[in-house]
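This is upload-v1.csv. It holds CSV, C-alpha atoms and all ligand atoms.
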chain,number,residue,atom,x,y,z
A,13,MET,CA,0.0,0.0,0.0
A,14,ARG,CA,1.3,3.4,-0.9
A,15,TRP,CA,2.2,5.5,2.2
A,16,LYS,CA,-0.1,8.5,2.3
A,17,GLY,CA,1.8,10.9,4.5
A,18,LEU,CA,1.3,11.8,8.2
A,19,LEU,CA,-2.1,13.5,8.2
A,20,GLU,CA,-3.8,10.6,6.5
A,21,GLU,CA,-1.9,7.8,8.3
A,22,TYR,CA,-2.2,9.2,11.8
A,23,LYS,CA,-5.4,11.2,11.5
A,24,GLU,CA,-6.9,9.7,14.7
A,25,TYR,CA,-4.0,11.0,16.7
A,26,LEU,CA,-3.9,14.5,15.1
A,27,PRO,CA,-6.0,17.7,15.3
A,28,ILE,CA,-7.7,17.0,12.0
A,29,ASN,CA,-11.4,17.8,11.1
A,30,GLU,CA,-13.4,17.9,7.9
A,31,SER,CA,-12.0,21.3,6.9
A,32,THR,CA,-8.4,20.5,7.4
A,33,PRO,CA,-6.6,20.3,4.0
A,34,MET,CA,-5.0,16.9,3.7
A,35,LEU,CA,-1.6,18.4,2.7
A,36,THR,CA,1.2,16.0,2.0
A,37,LEU,CA,4.6,15.4,0.4
A,38,ASN,CA,4.4,11.8,1.6
A,39,GLU,CA,6.5,12.6,4.7
A,40,GLY,CA,7.1,10.2,7.5
A,41,ASN,CA,7.7,6.4,7.3
A,42,THR,CA,11.4,6.9,7.7
A,43,PRO,CA,13.8,4.0,8.2
A,44,LEU,CA,15.0,2.6,11.5
A,45,ILE,CA,18.5,1.3,10.8
A,46,LYS,CA,20.6,-0.8,13.1
A,47,LEU,CA,24.2,0.4,13.4
A,48,GLU,CA,25.8,-3.1,13.5
A,49,LYS,CA,29.4,-2.1,13.9
A,50,LEU,CA,29.0,0.6,16.5
A,51,SER,CA,26.6,-1.7,18.4
A,52,ALA,CA,29.2,-4.4,18.6
A,53,GLU,CA,32.0,-2.0,19.4
A,54,TRP,CA,30.1,-0.2,22.2
A,55,GLY,CA,28.3,-3.3,23.6
A,56,VAL,CA,24.8,-1.9,23.0
A,57,GLU,CA,21.9,-2.4,20.6
A,58,LEU,CA,22.0,0.9,18.7
A,59,TYR,CA,19.5,2.0,16.0
A,60,VAL,CA,19.1,5.3,14.2
A,61,LYS,CA,15.9,6.8,12.8
A,62,THR,CA,17.0,8.6,9.7
A,63,GLU,CA,14.7,11.6,9.5
A,64,GLY,CA,16.9,13.0,6.8
A,65,THR,CA,14.9,10.8,4.4
A,66,ASN,CA,11.9,13.1,4.7
A,67,PRO,CA,10.9,15.1,1.6
A,68,THR,CA,12.9,18.2,2.5
A,69,GLY,CA,15.6,16.2,4.2
A,70,SER,CA,14.8,16.7,7.9
A,71,PHE,CA,12.3,15.9,10.7
A,72,LYS,CA,10.8,19.4,10.3
A,73,ASP,CA,8.5,18.0,7.6
A,74,ARG,CA,6.5,16.1,10.2
A,75,GLY,CA,5.6,19.3,12.1
A,76,MET,CA,5.4,21.5,9.1
A,77,VAL,CA,2.8,19.5,7.3
A,78,MET,CA,0.5,19.8,10.3
A,79,ALA,CA,1.2,23.5,11.0
A,80,VAL,CA,0.8,24.6,7.4
A,81,ALA,CA,-2.4,22.6,7.0
A,82,LYS,CA,-3.9,24.3,10.1
A,83,ALA,CA,-2.6,27.7,9.0
A,84,LYS,CA,-4.4,27.2,5.7
A,85,GLU,CA,-7.5,25.8,7.4
A,86,GLU,CA,-7.6,29.0,9.5
A,87,GLY,CA,-7.7,31.2,6.4
A,88,ASN,CA,-4.1,32.4,6.3
A,89,SER,CA,-2.3,33.0,3.0
A,90,THR,CA,1.2,33.5,4.4
A,91,VAL,CA,3.4,31.6,6.9
A,92,ILE,CA,6.5,33.0,8.6
A,93,CYS,CA,9.3,31.4,10.6
A,94,ALA,CA,12.8,32.0,12.0
A,95,SER,CA,15.2,29.2,11.2
A,96,THR,CA,18.7,27.8,11.4
A,97,GLY,CA,17.8,26.3,8.0
A,98,ASN,CA,15.7,23.2,8.2
A,99,THR,CA,12.6,24.8,9.4
A,100,SER,CA,12.8,27.3,6.6
A,101,ALA,CA,13.2,24.6,4.0
A,102,ALA,CA,10.2,22.7,5.2
A,103,ALA,CA,8.0,25.8,5.7
A,104,ALA,CA,8.9,26.9,2.1
A,105,ALA,CA,8.1,23.5,0.6
A,106,TYR,CA,4.8,23.0,2.4
A,107,ALA,CA,3.7,26.5,1.9
A,108,THR,CA,4.3,26.1,-1.8
A,109,ARG,CA,2.4,22.9,-1.8
A,110,ALA,CA,-0.5,24.5,0.0
A,111,GLY,CA,-0.6,27.5,-2.4
A,112,MET,CA,0.6,29.9,0.3
A,113,ARG,CA,3.5,32.4,0.6
A,114,CYS,CA,6.4,31.8,3.0
A,115,ILE,CA,8.7,34.3,4.7
A,116,VAL,CA,11.8,33.1,6.4
A,117,VAL,CA,14.2,34.9,8.7
A,118,ILE,CA,17.6,33.4,9.0
A,119,PRO,CA,20.9,34.2,10.7
A,120,GLU,CA,23.1,35.6,8.0
A,121,GLY,CA,26.1,33.4,7.1
A,122,LYS,CA,25.1,30.7,9.6
A,123,ILE,CA,22.9,28.4,7.7
A,124,ALA,CA,24.2,25.4,5.8
A,125,MET,CA,24.4,25.8,2.0
A,126,GLY,CA,21.9,23.0,1.1
A,127,LYS,CA,19.2,24.6,3.3
A,128,LEU,CA,19.7,28.0,1.7
A,129,ALA,CA,19.5,26.3,-1.7
A,130,GLN,CA,16.1,24.8,-0.7
A,131,ALA,CA,14.6,28.0,0.5
A,132,VAL,CA,15.6,29.7,-2.7
A,133,MET,CA,14.3,26.9,-4.9
A,134,TYR,CA,11.0,26.6,-3.1
A,135,GLY,CA,10.5,30.3,-3.6
A,136,ALA,CA,10.5,31.7,-0.1
A,137,GLU,CA,10.9,35.4,0.7
A,138,ILE,CA,14.2,35.2,2.5
A,139,ILE,CA,15.4,37.7,5.1
A,140,ALA,CA,18.9,37.2,6.5
A,141,ILE,CA,19.6,39.2,9.6
A,142,GLU,CA,22.9,40.2,11.2
A,143,GLY,CA,21.9,38.3,14.3
A,144,ASN,CA,21.4,34.8,15.6
A,145,PHE,CA,18.4,32.4,15.6
A,146,ASP,CA,17.1,33.5,19.0
A,147,GLN,CA,16.9,37.1,17.8
A,148,ALA,CA,15.2,36.1,14.6
A,149,LEU,CA,12.7,34.1,16.5
A,150,GLN,CA,11.9,37.0,18.8
A,151,MET,CA,11.3,39.1,15.8
A,152,VAL,CA,8.9,36.8,14.0
A,153,ARG,CA,7.0,36.1,17.2
A,154,LYS,CA,6.3,39.8,17.5
A,155,ILE,CA,5.6,40.4,13.8
A,156,SER,CA,3.1,37.5,13.7
A,157,GLU,CA,1.1,39.1,16.5
A,158,THR,CA,0.3,42.2,14.4
A,159,GLU,CA,0.6,41.1,10.8
A,160,PRO,CA,-1.7,38.7,9.0
A,161,VAL,CA,0.9,35.9,8.9
A,162,ALA,CA,0.8,32.5,10.7
A,163,LEU,CA,3.9,31.7,12.8
A,164,VAL,CA,5.1,28.1,12.1
A,165,ASN,CA,8.0,27.8,14.5
A,166,SER,CA,7.7,25.1,17.1
A,167,VAL,CA,6.0,27.5,19.5
A,168,ASN,CA,3.1,26.7,17.2
A,169,PRO,CA,1.5,23.7,19.0
A,170,TYR,CA,0.6,22.0,15.7
A,171,ARG,CA,4.3,21.6,15.0
A,172,LEU,CA,4.8,19.3,18.0
A,173,GLU,CA,1.6,17.4,17.1
A,174,GLY,CA,3.0,16.5,13.7
A,175,GLN,CA,6.5,15.7,15.1
A,176,LYS,CA,5.2,13.3,17.8
A,177,THR,CA,4.3,10.8,15.0
A,178,ALA,CA,8.0,9.9,14.8
A,179,ALA,CA,7.7,8.3,18.3
A,180,PHE,CA,4.7,6.3,17.0
A,181,GLU,CA,6.6,5.0,14.0
A,182,LEU,CA,9.6,4.1,16.0
A,183,CYS,CA,7.5,2.0,18.5
A,184,ASP,CA,5.9,0.2,15.6
A,185,GLN,CA,9.3,-0.5,13.9
A,186,LEU,CA,11.0,-1.7,17.1
A,187,GLY,CA,8.0,-3.5,18.7
A,188,GLY,CA,7.8,-1.0,21.5
A,189,ALA,CA,9.8,1.9,23.0
A,190,PRO,CA,13.6,1.5,23.3
A,191,ASP,CA,15.3,1.8,26.7
A,192,ILE,CA,16.9,5.1,25.7
A,193,LEU,CA,15.9,7.7,23.1
A,194,ALA,CA,18.9,9.9,22.2
A,195,ILE,CA,18.1,13.2,20.5
A,196,PRO,CA,19.7,16.5,19.6
A,197,VAL,CA,18.3,19.6,21.3
A,198,GLY,CA,18.2,23.0,19.7
A,199,ASN,CA,15.1,25.0,20.2
A,200,ALA,CA,13.8,22.0,22.2
A,201,GLY,CA,10.6,21.4,20.3
A,202,ASN,CA,11.5,17.9,19.0
A,203,ILE,CA,12.5,16.4,22.3
A,204,SER,CA,9.1,17.6,23.7
A,205,ALA,CA,7.3,16.2,20.7
A,206,TYR,CA,8.8,12.8,21.1
A,207,TRP,CA,8.0,12.6,24.8
A,208,LYS,CA,4.4,13.6,24.0
A,209,GLY,CA,4.2,10.9,21.3
A,210,PHE,CA,5.6,8.2,23.5
A,211,LYS,CA,3.2,8.9,26.2
A,212,GLU,CA,0.2,9.0,23.9
A,213,TYR,CA,1.1,5.8,22.1
A,214,HIS,CA,1.8,4.1,25.4
A,215,GLU,CA,-1.7,5.0,26.6
A,216,VAL,CA,-3.3,3.5,23.6
A,217,LYS,CA,-1.0,0.6,22.8
A,218,GLN,CA,1.1,-0.1,25.9
A,219,THR,CA,4.3,0.4,24.0
A,220,GLY,CA,6.4,1.4,27.0
A,221,LEU,CA,8.3,4.6,27.7
A,222,PRO,CA,12.0,5.3,27.1
A,223,LYS,CA,14.4,7.4,29.1
A,224,ILE,CA,15.0,10.6,27.1
A,225,HIS,CA,18.7,11.6,26.7
A,226,GLY,CA,18.8,15.0,25.0
A,227,PHE,CA,22.1,16.6,23.8
A,228,GLU,CA,22.9,20.3,23.2
A,229,ALA,CA,26.0,21.5,21.6
A,230,ALA,CA,28.5,22.6,24.3
A,231,GLY,CA,28.7,26.2,22.9
A,232,ALA,CA,24.9,26.5,23.0
A,233,ALA,CA,24.0,24.5,26.1
A,234,ALA,CA,21.4,26.7,27.8
A,235,ILE,CA,19.4,24.0,29.4
A,236,VAL,CA,22.4,22.1,30.7
A,237,HIS,CA,23.8,25.2,32.4
A,238,ASN,CA,20.5,26.7,33.2
A,239,ARG,CA,21.3,30.1,31.6
A,240,VAL,CA,20.7,31.8,28.3
A,241,PHE,CA,23.7,31.7,26.0
A,242,GLU,CA,23.7,35.2,24.4
A,243,ASN,CA,26.2,34.2,21.7
A,244,PRO,CA,25.8,30.5,21.0
A,245,GLU,CA,28.5,29.0,18.8
A,246,THR,CA,28.9,25.5,17.4
A,247,ILE,CA,29.9,23.8,14.1
A,248,ALA,CA,26.4,22.3,14.2
A,249,THR,CA,24.6,25.4,13.0
A,250,ALA,CA,21.2,23.6,13.1
A,251,ILE,CA,21.3,23.7,16.9
A,252,ARG,CA,23.2,27.0,17.4
A,253,ILE,CA,20.5,28.2,19.7
A,254,GLY,CA,21.1,30.0,23.1
A,255,ASN,CA,17.5,30.4,24.5
A,256,PRO,CA,15.3,27.4,23.5
A,257,ALA,CA,11.7,28.3,23.2
A,258,SER,CA,10.5,24.9,24.5
A,259,TRP,CA,13.0,24.9,27.4
A,260,LYS,CA,10.3,24.0,30.1
A,261,LEU,CA,8.8,21.2,28.0
A,262,ALA,CA,12.3,19.7,27.4
A,263,VAL,CA,13.1,19.7,31.1
A,264,GLN,CA,9.7,18.1,31.8
A,265,ALA,CA,10.4,15.4,29.2
A,266,GLN,CA,13.8,14.7,30.9
A,267,GLU,CA,12.3,14.6,34.4
A,268,GLU,CA,9.2,12.6,33.7
A,269,SER,CA,11.2,10.0,31.7
A,270,ASN,CA,14.0,9.8,34.2
A,271,GLY,CA,16.4,10.9,31.5
A,272,ILE,CA,19.3,13.4,31.1
A,273,ILE,CA,19.9,16.6,29.2
A,274,ASP,CA,23.7,16.9,28.5
A,275,GLU,CA,26.1,18.6,26.2
A,276,VAL,CA,28.6,17.4,23.6
A,277,THR,CA,31.5,19.3,22.2
A,278,ASP,CA,32.1,20.2,18.6
A,279,GLU,CA,35.0,17.6,18.6
A,280,GLU,CA,32.7,14.9,19.8
A,281,ILE,CA,30.0,15.9,17.3
A,282,VAL,CA,32.5,15.8,14.4
A,283,ALA,CA,33.9,12.4,15.6
A,284,ALA,CA,30.4,10.9,15.6
A,285,TYR,CA,29.5,12.6,12.2
A,286,ARG,CA,32.5,10.9,10.6
A,287,ALA,CA,32.1,7.6,12.4
A,288,ILE,CA,28.5,6.9,11.3
A,289,ALA,CA,29.3,7.8,7.7
A,290,ALA,CA,32.6,6.0,7.4
A,291,LYS,CA,31.7,2.9,9.5
A,292,GLU,CA,28.0,2.5,8.8
A,293,GLY,CA,27.3,4.3,5.5
A,294,VAL,CA,24.9,6.7,7.2
A,295,PHE,CA,25.4,10.4,6.4
A,296,ALA,CA,23.6,12.8,8.7
A,297,GLU,CA,24.2,16.6,9.2
A,298,PRO,CA,26.4,17.7,12.1
A,299,GLY,CA,23.6,18.8,14.4
A,300,SER,CA,21.9,15.4,14.1
A,301,CYS,CA,25.1,13.7,15.2
A,302,ALA,CA,24.9,15.3,18.6
A,303,SER,CA,22.7,12.3,19.4
A,304,ILE,CA,25.4,9.7,18.5
A,305,ALA,CA,28.1,11.8,20.2
A,306,GLY,CA,25.9,11.8,23.3
A,307,VAL,CA,25.3,8.1,23.2
A,308,TYR,CA,29.0,7.5,23.0
A,309,LYS,CA,29.7,9.9,25.9
A,310,HIS,CA,27.0,8.2,28.1
A,311,ILE,CA,28.2,4.7,27.4
A,312,GLN,CA,31.8,5.8,28.4
A,313,ASN,CA,30.7,7.5,31.6
A,314,GLY,CA,28.2,4.7,32.5
A,315,LYS,CA,25.0,6.8,32.2
A,316,ILE,CA,23.9,4.3,29.5
A,317,PRO,CA,24.4,0.7,30.7
A,318,LYS,CA,25.9,-1.9,28.4
A,319,GLY,CA,23.3,-3.9,26.6
A,320,SER,CA,20.8,-1.0,26.4
A,321,LYS,CA,18.5,-0.8,23.4
A,322,ILE,CA,19.0,2.7,22.1
A,323,VAL,CA,17.4,4.7,19.3
A,324,ALA,CA,19.3,7.8,18.2
A,325,ILE,CA,17.4,10.3,16.1
A,326,LEU,CA,19.3,11.6,13.1
A,327,THR,CA,17.3,14.7,12.5
A,328,GLY,CA,18.7,15.9,9.1
A,329,ASN,CA,20.4,14.6,5.9
A,330,GLY,CA,24.2,14.9,5.6
A,331,LEU,CA,23.8,16.6,2.2
A,332,LYS,CA,22.3,19.6,3.9
A,333,ASP,CA,25.8,20.8,4.8
A,334,PRO,CA,28.3,19.8,2.2
A,335,ASN,CA,30.8,22.4,3.2
A,336,THR,CA,31.3,21.0,6.7
A,337,ALA,CA,31.6,17.5,5.3
A,338,ILE,CA,34.4,18.6,3.0
A,339,ASP,CA,36.1,20.7,5.6
A,340,VAL,CA,36.3,17.9,8.3
A,341,SER,CA,37.2,15.1,6.0
A,342,PRO,CA,40.8,14.0,5.6
A,343,LEU,CA,39.9,12.3,2.3
A,344,LYS,CA,40.4,14.4,-0.8
A,345,PRO,CA,40.1,13.3,-4.4
A,346,VAL,CA,43.4,12.2,-6.0
A,347,VAL,CA,44.0,14.3,-9.1
A,348,LEU,CA,45.7,12.3,-11.9
A,349,PRO,CA,46.2,12.9,-15.6
A,350,ASN,CA,43.6,11.6,-18.1
A,351,ASP,CA,45.7,8.5,-18.6
A,352,GLU,CA,44.6,4.9,-18.0
A,353,LYS,CA,48.0,3.7,-17.1
A,354,ALA,CA,48.5,6.4,-14.4
A,355,VAL,CA,45.0,5.6,-13.0
A,356,ALA,CA,45.7,1.8,-13.1
A,357,ASN,CA,49.0,2.2,-11.4
A,358,HIS,CA,47.5,4.3,-8.7
A,359,ILE,CA,44.7,1.8,-8.1
A,360,LYS,CA,47.3,-1.0,-7.8
A,361,GLY,CA,48.9,0.9,-5.0
A,362,VAL,CA,45.7,1.3,-3.0
A,363,VAL,CA,43.9,-2.0,-3.5
A,364,HIS,CA,44.8,-4.7,-1.0
A,365,ILE,CA,43.5,-8.2,-1.4
B,1,LIG,N1,18.6,18.7,14.3
B,1,LIG,C1,18.4,19.5,13.2
B,1,LIG,C2,19.0,19.0,11.9
B,1,LIG,C3,17.7,20.7,13.3
B,1,LIG,O1,17.6,21.4,12.2
B,1,LIG,C4,17.2,21.1,14.5
B,1,LIG,C5,16.5,22.4,14.7
B,1,LIG,C6,17.4,20.3,15.6
B,1,LIG,C7,18.1,19.1,15.5
B,1,LIG,C8,16.9,20.6,17.0
B,1,LIG,O2,15.5,20.5,17.1
B,1,LIG,O3,14.9,22.8,17.7
B,1,LIG,O4,13.3,20.9,18.0
B,1,LIG,O5,15.3,21.1,19.5
B,1,LIG,N2,16.4,23.2,13.7
B,1,LIG,C9,15.6,24.4,13.8
B,1,LIG,C10,15.5,25.1,12.4
B,1,LIG,C11,15.9,25.4,14.9
B,1,LIG,O6,15.3,26.3,12.3
B,1,LIG,O7,15.7,24.4,11.4
B,1,LIG,P1,14.7,21.4,18.1
As a first step, turn the structure in this file into structure tokens.
Amino acid sequence: MRWKGLLEEYKEYLPINESTPMLTLNEGNTPLIKLEKLSAEWGVELYVKTEGTNPTGSFKDRGMVMAVAKAKEEGNSTVICASTGNTSAAAAAYATRAGMRCIVVIPEGKIAMGKLAQAVMYGAEIIAIEGNFDQALQMVRKISETEPVALVNSVNPYRLEGQKTAAFELCDQLGGAPDILAIPVGNAGNISAYWKGFKEYHEVKQTGLPKIHGFEAAGAAAIVHNRVFENPETIATAIRIGNPASWKLAVQAQEESNGIIDEVTDEEIVAAYRAIAAKEGVFAEPGSCASIAGVYKHIQNGKIPKGSKIVAILTGNGLKDPNTAIDVSPLKPVVLPNDEKAVANHIKGVVHI
């Protein structure tokens, strides 16, 4: 059967009525992949849910399909958001799909190239400010109060409604909740959405509840240090956020689940980023890899026991940020003359049987 997208597939769990447009780019239904090598190396059972396989390459599609559908239902013709890149890509795509306009406000020079390419191609009105995400979000929140535009950042509750469906899928794929759910934390919407999803599914289907381990980038670790970071900085631009909007909900998810919110350094993020690509064939953007970096850290320091069943969320596709991939990779193409002998000789030197 053809997968029909989140609104259709999960309509009984979502705020959908007769006048909700059944918007879709056939988002959801993302793979759950076992990382065989890292599981064996680390003595755990580790899976990743590759949210980068969604239509615009990140988990944002889950929330955006719901938020844009509701904005349309309520009679809006324009949506607006602040973004570190993925939200803007998803908002622009779904707004286009719904026949609406989209305005995005981004931190100038601090969004990955692939994400900017998407906003341009989907035809959004793009405003780059000389400021960070937190400042952009503050602006669009204010503007949406007075102007006839619908705010589709994750402070819009419909976003979390859509995003909670990832927890449902994961339970169905794994036959129940894992012991640990590891997830990157930026604006803290997704961690809150997953916890909501696990609780709702458990109530209906007794799927169990995981401990939620959320990971911020060390240069943007507001929740971990319980203070706003005025100038957040990290290589993982997706989660370069110093004052998360869903701060309280994230702490609630951590407390209720008996989990942990911790931080990982850029070095740890890059190591995880390279490891899952080079060892497992899974390419996720740096921000996503905060989850894997965190899993490794917590196995090392005993906060995740050996033998645990873990699902790490890979929130965005590696192709979103080609520049960082090239920058951190030691492998560069070997340049040779257009000469079969020279190429053959080189290959003989590198092939070991
Ligand atoms: N991973 C990726 C790839 C993201 O793009 C984001 C957030 C997160 C993790 C964190 O999720 O904010 O719900 O805690 N990106 C937002 C954006 C802020 O504008 O695209 P969160």
Problem set entry | Protein and nucleic acid residues within 6 Å of ligand LIG 1 (chain B) (all atoms listed in the file) as a ChimeraX atom specification | /A:95-99,196-202,250-251,299-300,327-328
Problem set entry | Point-to-point distance from CA of Ala105 (chain A) to CA of Asn29 (chain A), Å rounded to tenths |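 Pair CA of Ala105 (chain A) / CA of Asn29 (chain A) returns 22.9 Å.
Residues with any atom within 10 Å of Ile141 (chain A), counting only C-alpha atoms and excluding same-chain neighbours fewer than 3 positions away, are Val117, Ile118, Pro119, Glu120, Gly121, Ile138, Asn144, Phe145, Gln147 and Ala148 of chain A.
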Residues of region 133-204 of chain A within 12 Å of region 53-61 of chain A: nearest atom pair and distance (Å, one decimal) for each, counting only C-alpha atoms, sorted by chain and number, as CSV?
residue,atom,partner,partner_atom,distance
A:Ala178,CA,A:Lys61,CA,8.7
A:Ala179,CA,A:Lys61,CA,10.0
A:Phe180,CA,A:Lys61,CA,12.0
A:Glu181,CA,A:Lys61,CA,9.5
A:Leu182,CA,A:Lys61,CA,7.6
A:Cys183,CA,A:Lys61,CA,11.2
A:Gln185,CA,A:Lys61,CA,9.9
A:Leu186,CA,A:Tyr59,CA,9.3
A:Ala189,CA,A:Tyr59,CA,12.0
A:Pro190,CA,A:Tyr59,CA,9.4
A:Asp191,CA,A:Glu57,CA,9.9
A:Ile192,CA,A:Leu58,CA,9.6
A:Leu193,CA,A:Val60,CA,9.8
A:Ala194,CA,A:Val60,CA,9.2
A:Ile195,CA,A:Val60,CA,10.2
Problem set entry | 10 Å contact set for Arg14 (chain A), all atoms listed in the file, chain neighbours under 2 positions out, as a VMD selection string | chain A and resid 16 to 17 38
Problem set entry | Shell around Val152 (chain A) at 10 Å using only C-alpha atoms, local window under 5 positions removed, as a count of residues only | 14
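Of the residues under consideration (A:Ala140, A:Val355, A:Leu50, A:Ile338), A:Leu50 shows the shortest atom-to-atom contact distance to Tyr308 (chain A) when counting only C-alpha atoms.
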For this session: Please provide the set of residues having any atom within 12 Å of Ala233 (chain A), restricted to all atoms listed in the file, with same-chain residues fewer than 2 positions apart removed, written as a PyMOL selection string.
Result: chain A and resi 196-200+226-231+235-246+251-256+259+273-278+302
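When all atoms listed in the file are used to compute distances to Lys72 (chain A), the closest of the residues A:Ala289, A:Leu326, A:Ile304, A:Leu221 turns out to be A:Leu326.
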For region 92-99 of chain A, supply all heavy atoms and report the output as a JSON list (two decimals), in the frame of the given file.
[["chain", "number", "residue", "atom", "x", "y", "z"],
["A", 92, "ILE", "N", 5.19, 32.38, 8.34],
["A", 92, "ILE", "CA", 6.50, 33.00, 8.60],
["A", 92, "ILE", "C", 7.22, 32.14, 9.66],
["A", 92, "ILE", "O", 6.58, 31.50, 10.51],
["A", 92, "ILE", "CB", 6.31, 34.45, 9.16],
["A", 92, "ILE", "CG1", 7.66, 35.19, 9.21],
["A", 92, "ILE", "CG2", 5.63, 34.48, 10.53],
["A", 92, "ILE", "CD1", 7.52, 36.69, 9.44],
["A", 93, "CYS", "N", 8.56, 32.10, 9.58],
["A", 93, "CYS", "CA", 9.30, 31.40, 10.60],
["A", 93, "CYS", "C", 10.73, 31.99, 10.69],
["A", 93, "CYS", "O", 11.23, 32.58, 9.73],
["A", 93, "CYS", "CB", 9.42, 29.91, 10.33],
["A", 93, "CYS", "SG", 10.33, 29.49, 8.83],
["A", 94, "ALA", "N", 11.35, 31.81, 11.85],
["A", 94, "ALA", "CA", 12.80, 32.00, 12.00],
["A", 94, "ALA", "C", 13.41, 30.63, 11.84],
["A", 94, "ALA", "O", 12.75, 29.63, 12.13],
["A", 94, "ALA", "CB", 13.10, 32.55, 13.38],
["A", 95, "SER", "N", 14.67, 30.58, 11.41],
["A", 95, "SER", "CA", 15.20, 29.20, 11.20],
["A", 95, "SER", "C", 16.74, 29.22, 11.14],
["A", 95, "SER", "O", 17.37, 30.16, 10.67],
["A", 95, "SER", "CB", 14.66, 28.63, 9.93],
["A", 95, "SER", "OG", 15.13, 27.32, 9.77],
["A", 96, "THR", "N", 17.30, 28.10, 11.64],
["A", 96, "THR", "CA", 18.70, 27.80, 11.40],
["A", 96, "THR", "C", 18.85, 27.05, 10.06],
["A", 96, "THR", "O", 19.92, 26.57, 9.72],
["A", 96, "THR", "CB", 19.34, 27.00, 12.53],
["A", 96, "THR", "OG1", 18.59, 25.78, 12.70],
["A", 96, "THR", "CG2", 19.31, 27.78, 13.84],
["A", 97, "GLY", "N", 17.76, 26.88, 9.34],
["A", 97, "GLY", "CA", 17.80, 26.30, 8.00],
["A", 97, "GLY", "C", 16.81, 25.27, 7.64],
["A", 97, "GLY", "O", 16.15, 25.33, 6.60],
["A", 98, "ASN", "N", 16.65, 24.28, 8.50],
["A", 98, "ASN", "CA", 15.70, 23.20, 8.20],
["A", 98, "ASN", "C", 14.27, 23.58, 8.25],
["A", 98, "ASN", "O", 13.46, 23.17, 7.41],
["A", 98, "ASN", "CB", 16.02, 21.98, 9.05],
["A", 98, "ASN", "CG", 17.24, 21.21, 8.59],
["A", 98, "ASN", "OD1", 17.51, 21.13, 7.39],
["A", 98, "ASN", "ND2", 18.00, 20.66, 9.53],
["A", 99, "THR", "N", 13.94, 24.35, 9.26],
["A", 99, "THR", "CA", 12.60, 24.80, 9.40],
["A", 99, "THR", "C", 12.17, 25.63, 8.16],
["A", 99, "THR", "O", 11.06, 25.48, 7.62],
["A", 99, "THR", "CB", 12.38, 25.64, 10.67],
["A", 99, "THR", "OG1", 12.65, 24.80, 11.79],
["A", 99, "THR", "CG2", 10.97, 26.20, 10.80]]
